[in-house]
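S.K.: Below you'll find work_32.cif; it's mmCIF, C-alpha atoms.
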```cif
data_upload
loop_
_atom_site.label_atom_id
_atom_site.label_comp_id
_atom_site.auth_asym_id
_atom_site.auth_seq_id
_atom_site.Cartn_x
_atom_site.Cartn_y
_atom_site.Cartn_z
CA MET A 1463 40.01 -18.22 252.63
CA ARG A 1464 37.22 -15.65 252.51
CA ILE A 1465 37.14 -15.82 248.71
CA ILE A 1466 36.97 -19.63 248.83
CA ASN A 1467 34.06 -19.51 251.29
CA LYS A 1468 32.20 -17.04 249.07
CA TYR A 1469 32.77 -19.27 246.08
CA ILE A 1470 31.51 -22.36 247.94
CA ASP A 1471 28.45 -20.43 249.12
CA PHE A 1472 27.77 -19.24 245.57
CA ILE A 1473 28.28 -22.57 243.86
CA SER A 1474 26.43 -24.75 246.39
CA LYS A 1475 23.06 -22.98 246.06
CA GLU A 1476 20.51 -23.25 243.26
CA ARG A 1477 21.14 -20.24 241.05
CA PHE A 1478 21.04 -21.33 237.40
CA LEU A 1479 17.83 -23.27 236.79
CA ILE A 1480 15.57 -21.11 234.62
CA GLY A 1481 18.23 -20.40 231.97
CA PRO A 1482 19.17 -24.05 231.36
CA SER A 1483 15.48 -25.00 231.26
CA LEU A 1484 14.78 -22.39 228.57
CA ALA A 1485 17.94 -23.41 226.70
CA ARG A 1486 16.85 -27.06 226.82
CA ILE A 1487 13.66 -26.26 224.93
CA GLY A 1488 15.42 -24.16 222.31
CA ILE A 1489 18.37 -26.51 221.81
CA GLY A 1490 16.06 -29.53 221.70
CA MET A 1491 13.95 -27.86 219.01
CA ILE A 1492 17.10 -27.17 216.97
CA MET A 1493 18.08 -30.84 217.24
CA LEU A 1494 14.57 -31.91 216.29
CA SER A 1495 14.48 -29.52 213.33
CA TYR A 1496 17.84 -30.91 212.16
CA TYR A 1497 16.28 -34.35 211.83
CA LEU A 1498 13.01 -33.12 210.30
CA ILE A 1499 14.51 -30.66 207.80
CA HIS A 1500 16.67 -33.42 206.34
CA TYR A 1501 14.03 -36.12 206.72
CA TYR A 1502 13.25 -36.67 203.03
CA GLN A 1503 16.95 -36.48 202.11
CA ARG A 1504 18.11 -38.62 205.03
CA HIS A 1505 19.21 -41.58 202.90
CA PHE A 1506 21.28 -39.42 200.58
CA LEU A 1507 22.85 -37.37 203.39
CA PHE A 1508 23.40 -39.91 206.16
CA SER A 1509 23.06 -43.51 205.02
CA ASP A 1510 25.71 -45.87 203.64
CA ALA A 1511 24.06 -45.73 200.22
CA GLY A 1512 24.23 -41.94 200.17
CA LEU A 1513 26.82 -39.22 199.77
CA ILE A 1514 29.42 -40.63 202.21
CA SER A 1515 29.73 -44.38 202.69
CA ASN A 1516 30.31 -46.05 206.06
CA GLU A 1517 33.81 -47.04 204.96
CA PHE A 1518 34.91 -43.46 205.61
CA PHE A 1519 34.21 -43.98 209.35
CA ILE A 1520 36.19 -47.20 209.86
CA ASN A 1521 38.27 -45.81 212.74
CA ILE A 1522 35.63 -43.39 214.05
CA PHE A 1523 32.76 -44.39 216.33
CA ASN A 1524 29.42 -43.44 214.87
CA ILE A 1525 26.17 -45.16 215.73
CA TYR A 1526 25.02 -44.87 212.10
CA THR A 1527 28.00 -46.84 210.76
CA ILE A 1528 27.66 -49.90 213.01
CA SER A 1529 25.57 -51.59 210.34
CA ASN A 1530 24.93 -51.03 206.63
CA ASP A 1531 21.42 -52.44 206.91
CA PRO A 1532 18.87 -49.82 205.72
CA TYR A 1533 16.39 -50.97 208.38
CA TYR A 1534 19.01 -50.35 211.07
CA PHE A 1535 19.51 -46.83 209.66
CA GLU A 1536 15.77 -46.15 209.84
CA ILE A 1537 15.58 -47.33 213.47
CA VAL A 1538 18.53 -45.18 214.55
CA TYR A 1539 17.34 -42.08 212.67
CA HIS A 1540 13.80 -42.24 214.07
CA ALA A 1541 15.13 -43.02 217.55
CA GLY A 1542 17.11 -39.77 217.30
CA ILE A 1543 13.89 -37.90 216.50
CA VAL A 1544 12.11 -39.39 219.53
CA ILE A 1545 15.07 -38.60 221.82
CA ALA A 1546 15.19 -34.97 220.62
CA LEU A 1547 11.43 -34.60 221.13
CA LEU A 1548 11.56 -36.04 224.67
CA PHE A 1549 14.46 -33.69 225.44
CA VAL A 1550 12.32 -30.72 224.38
CA LEU A 1551 9.46 -31.93 226.56
CA GLY A 1552 11.80 -32.54 229.50
CA PHE A 1553 10.97 -36.19 230.01
CA LYS A 1554 13.76 -38.22 231.68
CA THR A 1555 15.95 -35.26 230.80
CA ARG A 1556 19.29 -36.53 232.06
CA ILE A 1557 18.87 -39.83 230.21
CA MET A 1558 17.87 -37.96 227.05
CA SER A 1559 20.90 -35.68 227.47
CA LEU A 1560 23.14 -38.74 227.62
CA LEU A 1561 21.48 -40.29 224.57
CA ASN A 1562 21.79 -37.01 222.66
CA ILE A 1563 25.57 -37.22 223.08
CA ILE A 1564 25.49 -40.47 221.13
CA PHE A 1565 22.72 -39.82 218.63
CA PHE A 1566 23.10 -36.13 217.80
CA THR A 1567 26.89 -36.26 217.75
CA SER A 1568 26.62 -39.21 215.36
CA ILE A 1569 24.14 -37.53 213.02
CA SER A 1570 26.19 -34.32 212.99
CA SER A 1571 29.46 -36.06 212.21
CA ARG A 1572 27.85 -38.50 209.76
CA ASN A 1573 27.79 -35.71 207.21
CA PHE A 1574 30.31 -33.01 208.09
CA LEU A 1575 29.54 -31.12 204.88
CA ILE A 1576 26.35 -29.61 206.31
CA GLY A 1577 26.33 -27.30 209.30
CA ASP A 1578 27.08 -23.64 209.91
CA GLY A 1579 29.41 -23.68 212.92
CA GLY A 1580 26.86 -23.37 215.71
CA ASP A 1581 26.69 -27.13 216.04
CA ASN A 1582 30.38 -27.16 217.03
CA LEU A 1583 29.67 -25.27 220.27
CA LEU A 1584 26.63 -27.47 220.88
CA LEU A 1585 28.61 -30.69 220.43
CA VAL A 1586 31.33 -29.46 222.82
CA CYS A 1587 28.82 -28.66 225.56
CA LEU A 1588 26.45 -31.62 225.10
CA VAL A 1589 28.41 -33.67 227.64
CA PHE A 1590 27.90 -31.00 230.32
CA PHE A 1591 24.12 -31.14 229.86
CA VAL A 1592 24.16 -34.56 231.53
CA PHE A 1593 25.36 -32.92 234.76
CA MET A 1594 22.81 -30.09 234.66
CA ASP A 1595 19.30 -29.97 236.03
CA MET A 1596 17.67 -28.74 232.82
CA SER A 1597 14.19 -29.95 233.75
CA ARG A 1598 13.40 -27.83 236.80
CA TYR A 1599 11.11 -25.57 234.78
CA PHE A 1600 8.82 -26.14 231.78
CA SER A 1601 9.24 -29.92 231.75
CA LEU A 1602 7.29 -33.14 232.11
CA ASP A 1603 9.75 -34.30 234.78
CA THR A 1604 8.72 -31.44 237.06
CA TYR A 1605 5.04 -31.98 236.28
CA ILE A 1606 5.32 -35.69 237.14
CA ARG A 1607 7.21 -34.93 240.36
CA LYS A 1608 4.49 -32.51 241.43
CA ARG A 1609 1.75 -35.01 240.62
CA LYS A 1610 3.42 -37.71 242.68
CA LYS A 1611 3.81 -35.27 245.58
CA LYS A 1612 6.79 -37.06 247.03
CA VAL A 1613 7.57 -35.85 250.55
CA LYS A 1614 11.26 -36.10 251.38
CA SER A 1615 13.17 -35.22 254.49
CA VAL A 1616 15.07 -31.98 253.92
CA GLU A 1617 17.72 -32.86 256.50
CA LYS A 1618 18.23 -36.32 255.08
CA ASN A 1619 18.83 -35.05 251.54
CA LYS A 1620 20.54 -31.76 252.39
CA PHE A 1621 24.01 -33.07 251.58
CA LEU A 1622 22.94 -34.75 248.31
CA HIS A 1623 21.01 -31.62 247.37
CA SER A 1624 24.13 -29.47 247.89
CA VAL A 1625 26.28 -31.88 245.88
CA GLY A 1626 23.72 -31.84 243.06
CA SER A 1627 23.68 -28.03 243.07
CA ILE A 1628 27.49 -27.89 242.99
CA VAL A 1629 27.68 -30.30 240.04
CA HIS A 1630 24.90 -28.47 238.19
CA ASN A 1631 26.38 -25.01 238.77
CA HIS A 1632 29.86 -26.11 237.71
CA ALA A 1633 28.45 -27.57 234.48
CA VAL A 1634 26.68 -24.26 233.76
CA VAL A 1635 29.81 -22.26 234.60
CA ILE A 1636 31.91 -24.44 232.27
CA CYS A 1637 29.49 -23.73 229.41
CA ILE A 1638 29.65 -20.00 230.21
CA ILE A 1639 33.46 -20.15 230.22
CA GLN A 1640 33.39 -21.96 226.87
CA LEU A 1641 31.17 -19.20 225.47
CA ALA A 1642 33.42 -16.48 226.93
CA ILE A 1643 36.55 -18.07 225.42
CA LEU A 1644 34.83 -18.36 222.05
CA TYR A 1645 33.84 -14.68 222.01
CA PHE A 1646 37.18 -13.43 223.36
CA VAL A 1647 39.28 -15.45 220.91
CA SER A 1648 37.02 -14.46 218.01
CA GLY A 1649 37.28 -10.79 218.97
CA SER A 1650 41.06 -11.06 219.44
CA TYR A 1651 41.52 -12.51 215.96
CA GLN A 1652 39.41 -9.71 214.56
CA ILE A 1653 41.59 -7.10 216.26
CA VAL A 1654 44.75 -8.35 214.54
CA GLY A 1655 43.01 -8.55 211.15
CA ASP A 1656 43.80 -5.66 208.79
CA TYR A 1657 40.28 -5.43 207.39
CA TRP A 1658 38.76 -5.38 210.86
CA ASN A 1659 41.26 -2.79 212.10
CA SER A 1660 40.43 -0.50 209.22
CA GLY A 1661 36.69 -0.97 209.79
CA VAL A 1662 35.88 -2.32 206.33
CA ALA A 1663 35.59 -6.07 207.05
CA LEU A 1664 31.80 -6.07 206.73
CA TYR A 1665 32.09 -4.56 203.25
CA TYR A 1666 34.02 -7.61 202.03
CA ILE A 1667 31.73 -10.02 203.91
CA PHE A 1668 28.72 -8.54 202.14
CA GLN A 1669 30.39 -9.16 198.78
CA VAL A 1670 30.03 -12.93 199.28
CA ASP A 1671 26.73 -13.87 197.63
CA GLU A 1672 26.34 -17.11 199.61
CA TYR A 1673 26.27 -15.19 202.90
CA THR A 1674 24.38 -12.06 201.92
CA ARG A 1675 20.61 -11.74 201.87
CA GLY A 1676 20.57 -8.01 200.99
CA VAL A 1677 18.32 -6.97 203.88
CA PHE A 1678 20.73 -4.57 205.62
CA SER A 1679 23.87 -4.90 203.48
CA ASP A 1680 22.96 -2.19 200.96
CA ILE A 1681 22.25 0.30 203.73
CA ILE A 1682 25.47 -0.47 205.62
CA ILE A 1683 27.72 -0.58 202.54
CA ASN A 1684 26.44 2.80 201.30
CA SER A 1685 27.22 4.52 204.61
CA ASN A 1686 30.85 4.80 205.72
CA VAL A 1687 29.77 5.65 209.25
CA LEU A 1688 27.48 2.62 209.59
CA LEU A 1689 30.11 0.36 208.03
CA VAL A 1690 32.83 1.35 210.50
CA VAL A 1691 30.48 1.42 213.51
CA ALA A 1692 29.02 -2.03 212.74
CA THR A 1693 32.50 -3.49 212.21
CA TYR A 1694 33.92 -2.14 215.47
CA PHE A 1695 30.67 -2.92 217.31
CA SER A 1696 31.07 -6.65 216.58
CA ILE A 1697 34.64 -6.57 217.95
CA ILE A 1698 33.87 -4.58 221.09
CA ILE A 1699 30.92 -6.68 222.29
CA LYS A 1700 32.88 -9.92 221.85
CA ILE A 1701 35.91 -8.68 223.75
CA ALA A 1702 33.67 -7.16 226.42
CA PHE A 1703 31.61 -10.30 227.05
CA PRO A 1704 33.98 -12.13 229.49
CA PHE A 1705 34.45 -8.95 231.54
CA ALA A 1706 30.77 -7.99 231.47
CA LEU A 1707 29.92 -11.23 233.28
CA PHE A 1708 31.36 -9.73 236.47
CA ASN A 1709 29.13 -6.65 236.32
CA LYS A 1710 25.42 -7.28 236.82
CA TYR A 1711 24.41 -4.12 234.93
CA LEU A 1712 26.88 -4.28 232.03
CA LYS A 1713 25.95 -7.93 231.51
CA TYR A 1714 22.44 -6.99 230.38
CA VAL A 1715 23.80 -4.46 227.88
CA VAL A 1716 26.44 -6.75 226.34
CA VAL A 1717 24.18 -9.81 226.14
CA SER A 1718 21.40 -7.71 224.56
CA ALA A 1719 23.94 -6.38 222.04
CA LEU A 1720 25.14 -9.92 221.25
CA ILE A 1721 21.56 -11.12 220.77
CA ALA A 1722 20.94 -8.23 218.36
CA PHE A 1723 24.25 -9.09 216.65
CA HIS A 1724 23.24 -12.72 216.12
CA VAL A 1725 19.74 -11.77 214.97
CA GLY A 1726 21.45 -9.62 212.35
CA ILE A 1727 23.65 -12.56 211.29
CA ALA A 1728 20.58 -14.81 211.01
CA ILE A 1729 18.67 -12.31 208.87
CA GLU A 1730 21.50 -10.95 206.74
CA MET A 1731 23.79 -13.96 206.35
CA GLY A 1732 21.25 -16.77 206.65
CA LEU A 1733 23.17 -18.57 209.43
CA VAL A 1734 20.00 -19.22 211.41
CA THR A 1735 21.06 -22.33 213.34
CA PHE A 1736 24.40 -20.80 214.32
CA SER A 1737 22.71 -17.61 215.56
CA LEU A 1738 20.00 -19.45 217.50
CA ILE A 1739 22.52 -21.72 219.25
CA MET A 1740 24.68 -18.75 220.26
CA ILE A 1741 21.64 -16.87 221.60
CA LEU A 1742 20.44 -19.93 223.52
CA PHE A 1743 23.83 -20.39 225.17
CA GLU A 1744 23.69 -16.78 226.32
CA LEU A 1745 20.63 -17.73 228.39
CA PHE A 1746 22.99 -19.57 230.75
CA VAL A 1747 24.69 -16.40 232.01
CA PHE A 1748 21.71 -15.10 234.00
CA THR A 1749 20.81 -16.38 237.46
CA ASP A 1750 17.28 -17.27 238.51
CA LYS A 1751 17.09 -14.04 240.54
CA GLU A 1752 18.00 -12.03 237.43
CA TYR A 1753 15.35 -13.84 235.38
CA LEU A 1754 12.74 -13.07 238.04
CA ASN A 1755 13.81 -9.42 238.02
CA MET A 1756 13.46 -9.32 234.22
CA PHE A 1757 10.01 -10.89 234.55
CA ARG A 1758 9.00 -8.22 237.09
CA VAL A 1759 10.26 -5.45 234.79
CA TYR A 1760 8.34 -7.01 231.91
CA ASN A 1761 5.13 -7.12 233.98
CA TRP A 1762 5.65 -3.53 235.13
CA PHE A 1763 6.21 -2.37 231.55
CA LYS A 1764 3.21 -4.38 230.29
CA ASN A 1765 0.95 -2.91 233.00
CA LYS A 1766 2.18 0.61 232.23
CA VAL A 1767 1.51 0.23 228.50
CA SER A 1768 -1.87 -1.33 229.22
CA LEU A 1769 -2.74 1.53 231.57
CA ILE A 1770 -1.75 4.14 228.97
CA PHE A 1771 -3.96 2.52 226.31
CA LYS A 1772 -6.85 2.20 228.76
CA ASN A 1773 -6.55 5.89 229.72
CA ARG A 1774 -6.48 6.93 226.07
CA LEU A 1775 -9.50 4.76 225.30
CA LEU A 1776 -11.31 6.18 228.33
CA ASN A 1777 -10.50 9.76 227.27
CA ARG A 1778 -11.76 9.10 223.74
CA THR A 1779 -14.95 7.54 225.10
CA THR A 1780 -15.50 10.54 227.41
CA THR A 1781 -14.90 12.96 224.51
CA PHE A 1782 -17.41 11.16 222.29
CA GLU A 1783 -19.99 11.16 225.11
CA GLU A 1784 -19.49 14.89 225.66
CA LYS A 1785 -19.92 15.55 221.91
CA ASP A 1786 -23.11 13.44 221.81
CA SER A 1787 -24.55 15.23 224.83
CA SER A 1788 -23.76 18.67 223.34
CA ILE A 1789 -25.42 17.70 220.02
CA SER A 1790 -28.53 16.43 221.73
#
```
Take the structure I supplied and represent it as structure tokens, if you would.
M.R.:
Amino acid sequence: MRIINKYIDFISKERFLIGPSLARIGIGMIMLSYYLIHYYQRHFLFSDAGLISNEFFINIFNIYTISNDPYYFEIVYHAGIVIALLFVLGFKTRIMSLLNIIFFTSISSRNFLIGDGGDNLLLVCLVFFVFMDMSRYFSLDTYIRKRKKKVKSVEKNKFLHSVGSIVHNHAVVICIIQLAILYFVSGSYQIVGDYWNSGVALYYIFQVDEYTRGVFSDIIINSNVLLVVATYFSIIIKIAFPFALFNKYLKYVVVSALIAFHVGIAIEMGLVTFSLIMILFELFVFTDKEYLNMFRVYNWFKNKVSLIFKNRLLNRTTTFEEKDSSIS
């Protein structure tokens, strides 16, 4: 009973608001870039007259295949751009989240030949965004609410507020669980793989020209130590992620390692969208209190560095003044 009460107390209070707000901006920009990058090839990639005809989607719902009219395609495609932009800005965020389920899922599945895997996690979790409050920070919704200065009775809305927090927190937790399962299963498959067990998997990955940019591969391949360490490092941090969530100190280490891991994938393998989506989903794991603590540490570090530079500049100025006075 005590555990249940602790869980209810944890889940009924606002704890995960900054992370989802930051993720909203990043994920929205990825959606927007998806439309804009393919803008001049949109007819070839997504329309009925392009690479894949609408006949392929006879038994599959897709908003792009409702009509073969080219004007209808233009309306739907540009509506998707507007929806993604409003999602980034945080305007009517829940409505935009719901519309993104329809529009972005449709554009992603309209041509399944493009994509690097990161969109799969995004599509799975899109539905949970509807139940999150992703507009509490850095959004037009919050700005508009503040401008209107609506005064509401705390007692009157206390129950609804708690229900909203419970729904929001559960949606965030589900996304975190999805991420934890993904990492754990991926790491588990790597453990049973012969190449991963022997520590040479990265060597064979770097032999694939399509997924090698040559930035770090030559250095890693030419060092047996780096090759084995990098291979085992990718396994360890994935397996450790679900367990690190229960330790507030280890969580920082593992998430930082995973961010570095995905930055490496983006640079070396060119899977930029995949890496960015994975990094953005890792923003969900930190509570608002942890984000505020990170912000305080950042300010402390910034002030320390600023103070060091100011002292050095002051010392140099004093030295020059002493030299000038001695010369004169």
S.K.: Can you work out the spacing between CA of Leu1585 (chain A) and CA of Ala1541 (chain A) in Å, to one decimal?
M.R.: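 Here the two named atoms are 18.5 Å from each other.
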S.K.: For the structure shown, which residues end up in the PyMOL selection byres ((chain A and resi 1625-1639) around 6)? Put them as a list in words, please?
M.R.: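 This file gives the following for the PyMOL selection byres ((chain A and resi 1625-1639) around 6): Ile1473, Ser1474, Lys1475, Glu1476, Phe1590, Phe1593, Met1594, Leu1622, His1623, Ser1624, Gln1640, Leu1641 and Ala1642 of chain A.
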S.K.: Contacts of Ala1719 (chain A) at 10 Å or less, counting all atoms listed in the file, minus same-chain residues fewer than 3 places along, as an mmCIF file with C-alpha atoms, in the frame of the given file?
M.R.:
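Writing the result to out.cif gives the following:
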```
data_model
loop_
_atom_site.group_PDB
_atom_site.id
_atom_site.type_symbol
_atom_site.label_atom_id
_atom_site.label_comp_id
_atom_site.auth_asym_id
_atom_site.auth_seq_id
_atom_site.Cartn_x
_atom_site.Cartn_y
_atom_site.Cartn_z
ATOM 1 C CA PHE A 1695 30.670 -2.920 217.310
ATOM 2 C CA SER A 1696 31.070 -6.650 216.580
ATOM 3 C CA ILE A 1699 30.920 -6.680 222.290
ATOM 4 C CA LYS A 1700 32.880 -9.920 221.850
ATOM 5 C CA PHE A 1703 31.610 -10.300 227.050
ATOM 6 C CA LYS A 1713 25.950 -7.930 231.510
ATOM 7 C CA TYR A 1714 22.440 -6.990 230.380
ATOM 8 C CA VAL A 1715 23.800 -4.460 227.880
ATOM 9 C CA VAL A 1716 26.440 -6.750 226.340
ATOM 10 C CA ALA A 1722 20.940 -8.230 218.360
ATOM 11 C CA PHE A 1723 24.250 -9.090 216.650
ATOM 12 C CA HIS A 1724 23.240 -12.720 216.120
ATOM 13 C CA VAL A 1725 19.740 -11.770 214.970
#
```
S.K.: So how far away is CA of Asn1524 (chain A) from CA of Ser1601 (chain A), in Å?
M.R.: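 So the answer is 29.6 Å.
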S.K.: Show which residues sit within 9 Å of Ser1509 (chain A), as a list of chain:residue names. Count only C-alpha atoms, and ignore same-chain residues fewer than 3 positions away.
M.R.: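 Final neighbour list, sorted by chain and number: A:Arg1504, A:His1505, A:Phe1506, A:Gly1512, A:Leu1513, A:Ile1514, A:Ser1515, A:Asn1516, A:Tyr1526, A:Thr1527, A:Asn1530, A:Pro1532, A:Phe1535, A:Arg1572.
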S.K.: Which residue is closest to Ile1492 (chain A)? Choose from A:Leu1754, A:Val1592, A:Val1734, A:Ala1663 and count all atoms listed in the file.
M.R.: A:Val1734
S.K.: How would you write, as an NGL selection string, the residues chosen by the PyMOL selection byres ((chain A and resi 1494) around 12) on this structure?
M.R.: :A and (1486-1493 or 1495-1501 or 1539-1551 or 1562 or 1565-1566 or 1569 or 1735)
S.K.: Between A:Tyr1469, A:Val1538, A:Ile1564, A:Leu1664, which residue has the minimum interatomic distance to Ile1682 (chain A), considering all atoms listed in the file?
M.R.: A:Leu1664
S.K.: Which of these, A:Ser1571, A:Ser1679, A:Asn1467, A:Gln1503, has the shortest distance to Phe1519 (chain A) once you count only C-alpha atoms?
M.R.: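 Using only C-alpha atoms, the shortest distance to Phe1519 (chain A) belongs to A:Ser1571.
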S.K.: Assuming the chain letters and numbering stay as they are in my file, what does the PyMOL selection byres ((chain A and resi 1744) around 9) actually select? List them as a ChimeraX atom specification.
M.R.: /A:1481,1485,1638,1641,1717,1720-1721,1739-1743,1745-1748
S.K.: Is there a way to complete region 1492-1508 of chain A with N, CA, C and O atoms and then write that out as a compact mmCIF listing (two decimals), in the frame of the given file?
M.R.:
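After the write, out_27.txt holds the following:
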```
# COMPACT_ATOMS: atom_id res chain seq x y z
N ILE A 1492 16.11 -27.23 218.04
CA ILE A 1492 17.10 -27.17 216.97
C ILE A 1492 17.51 -28.58 216.55
O ILE A 1492 17.62 -28.89 215.36
N MET A 1493 17.75 -29.45 217.54
CA MET A 1493 18.08 -30.84 217.24
C MET A 1493 16.95 -31.52 216.47
O MET A 1493 17.18 -32.21 215.47
N LEU A 1494 15.74 -31.30 216.94
CA LEU A 1494 14.57 -31.91 216.29
C LEU A 1494 14.42 -31.40 214.86
O LEU A 1494 14.14 -32.18 213.94
N SER A 1495 14.60 -30.10 214.68
CA SER A 1495 14.48 -29.52 213.33
C SER A 1495 15.57 -30.06 212.40
O SER A 1495 15.34 -30.20 211.19
N TYR A 1496 16.75 -30.35 212.97
CA TYR A 1496 17.84 -30.91 212.16
C TYR A 1496 17.42 -32.24 211.54
O TYR A 1496 17.68 -32.50 210.36
N TYR A 1497 16.77 -33.07 212.34
CA TYR A 1497 16.28 -34.35 211.83
C TYR A 1497 15.16 -34.15 210.81
O TYR A 1497 15.13 -34.80 209.76
N LEU A 1498 14.21 -33.27 211.13
CA LEU A 1498 13.01 -33.12 210.30
C LEU A 1498 13.29 -32.40 208.99
O LEU A 1498 12.70 -32.73 207.95
N ILE A 1499 14.18 -31.40 209.02
CA ILE A 1499 14.51 -30.66 207.80
C ILE A 1499 15.14 -31.58 206.76
O ILE A 1499 14.87 -31.48 205.56
N HIS A 1500 15.97 -32.51 207.25
CA HIS A 1500 16.67 -33.42 206.34
C HIS A 1500 15.95 -34.76 206.18
O HIS A 1500 16.54 -35.71 205.65
N TYR A 1501 14.71 -34.82 206.65
CA TYR A 1501 14.03 -36.12 206.72
C TYR A 1501 13.92 -36.80 205.35
O TYR A 1501 14.24 -37.98 205.21
N TYR A 1502 13.47 -36.06 204.34
CA TYR A 1502 13.25 -36.67 203.03
C TYR A 1502 14.55 -36.87 202.24
O TYR A 1502 14.56 -37.55 201.22
N GLN A 1503 15.64 -36.27 202.73
CA GLN A 1503 16.95 -36.48 202.11
C GLN A 1503 17.87 -37.31 203.00
O GLN A 1503 19.08 -37.37 202.77
N ARG A 1504 17.29 -37.94 204.02
CA ARG A 1504 18.11 -38.62 205.03
C ARG A 1504 18.97 -39.74 204.44
O ARG A 1504 20.10 -39.93 204.87
N HIS A 1505 18.44 -40.47 203.48
CA HIS A 1505 19.21 -41.58 202.90
C HIS A 1505 20.40 -41.06 202.11
O HIS A 1505 21.49 -41.63 202.19
N PHE A 1506 20.20 -39.99 201.38
CA PHE A 1506 21.28 -39.42 200.58
C PHE A 1506 22.35 -38.78 201.46
O PHE A 1506 23.55 -38.89 201.19
N LEU A 1507 21.92 -38.13 202.55
CA LEU A 1507 22.85 -37.37 203.39
C LEU A 1507 23.56 -38.23 204.44
O LEU A 1507 24.73 -37.98 204.75
N PHE A 1508 22.87 -39.24 204.98
CA PHE A 1508 23.40 -39.91 206.16
C PHE A 1508 23.57 -41.43 206.06
O PHE A 1508 24.24 -42.02 206.91
```
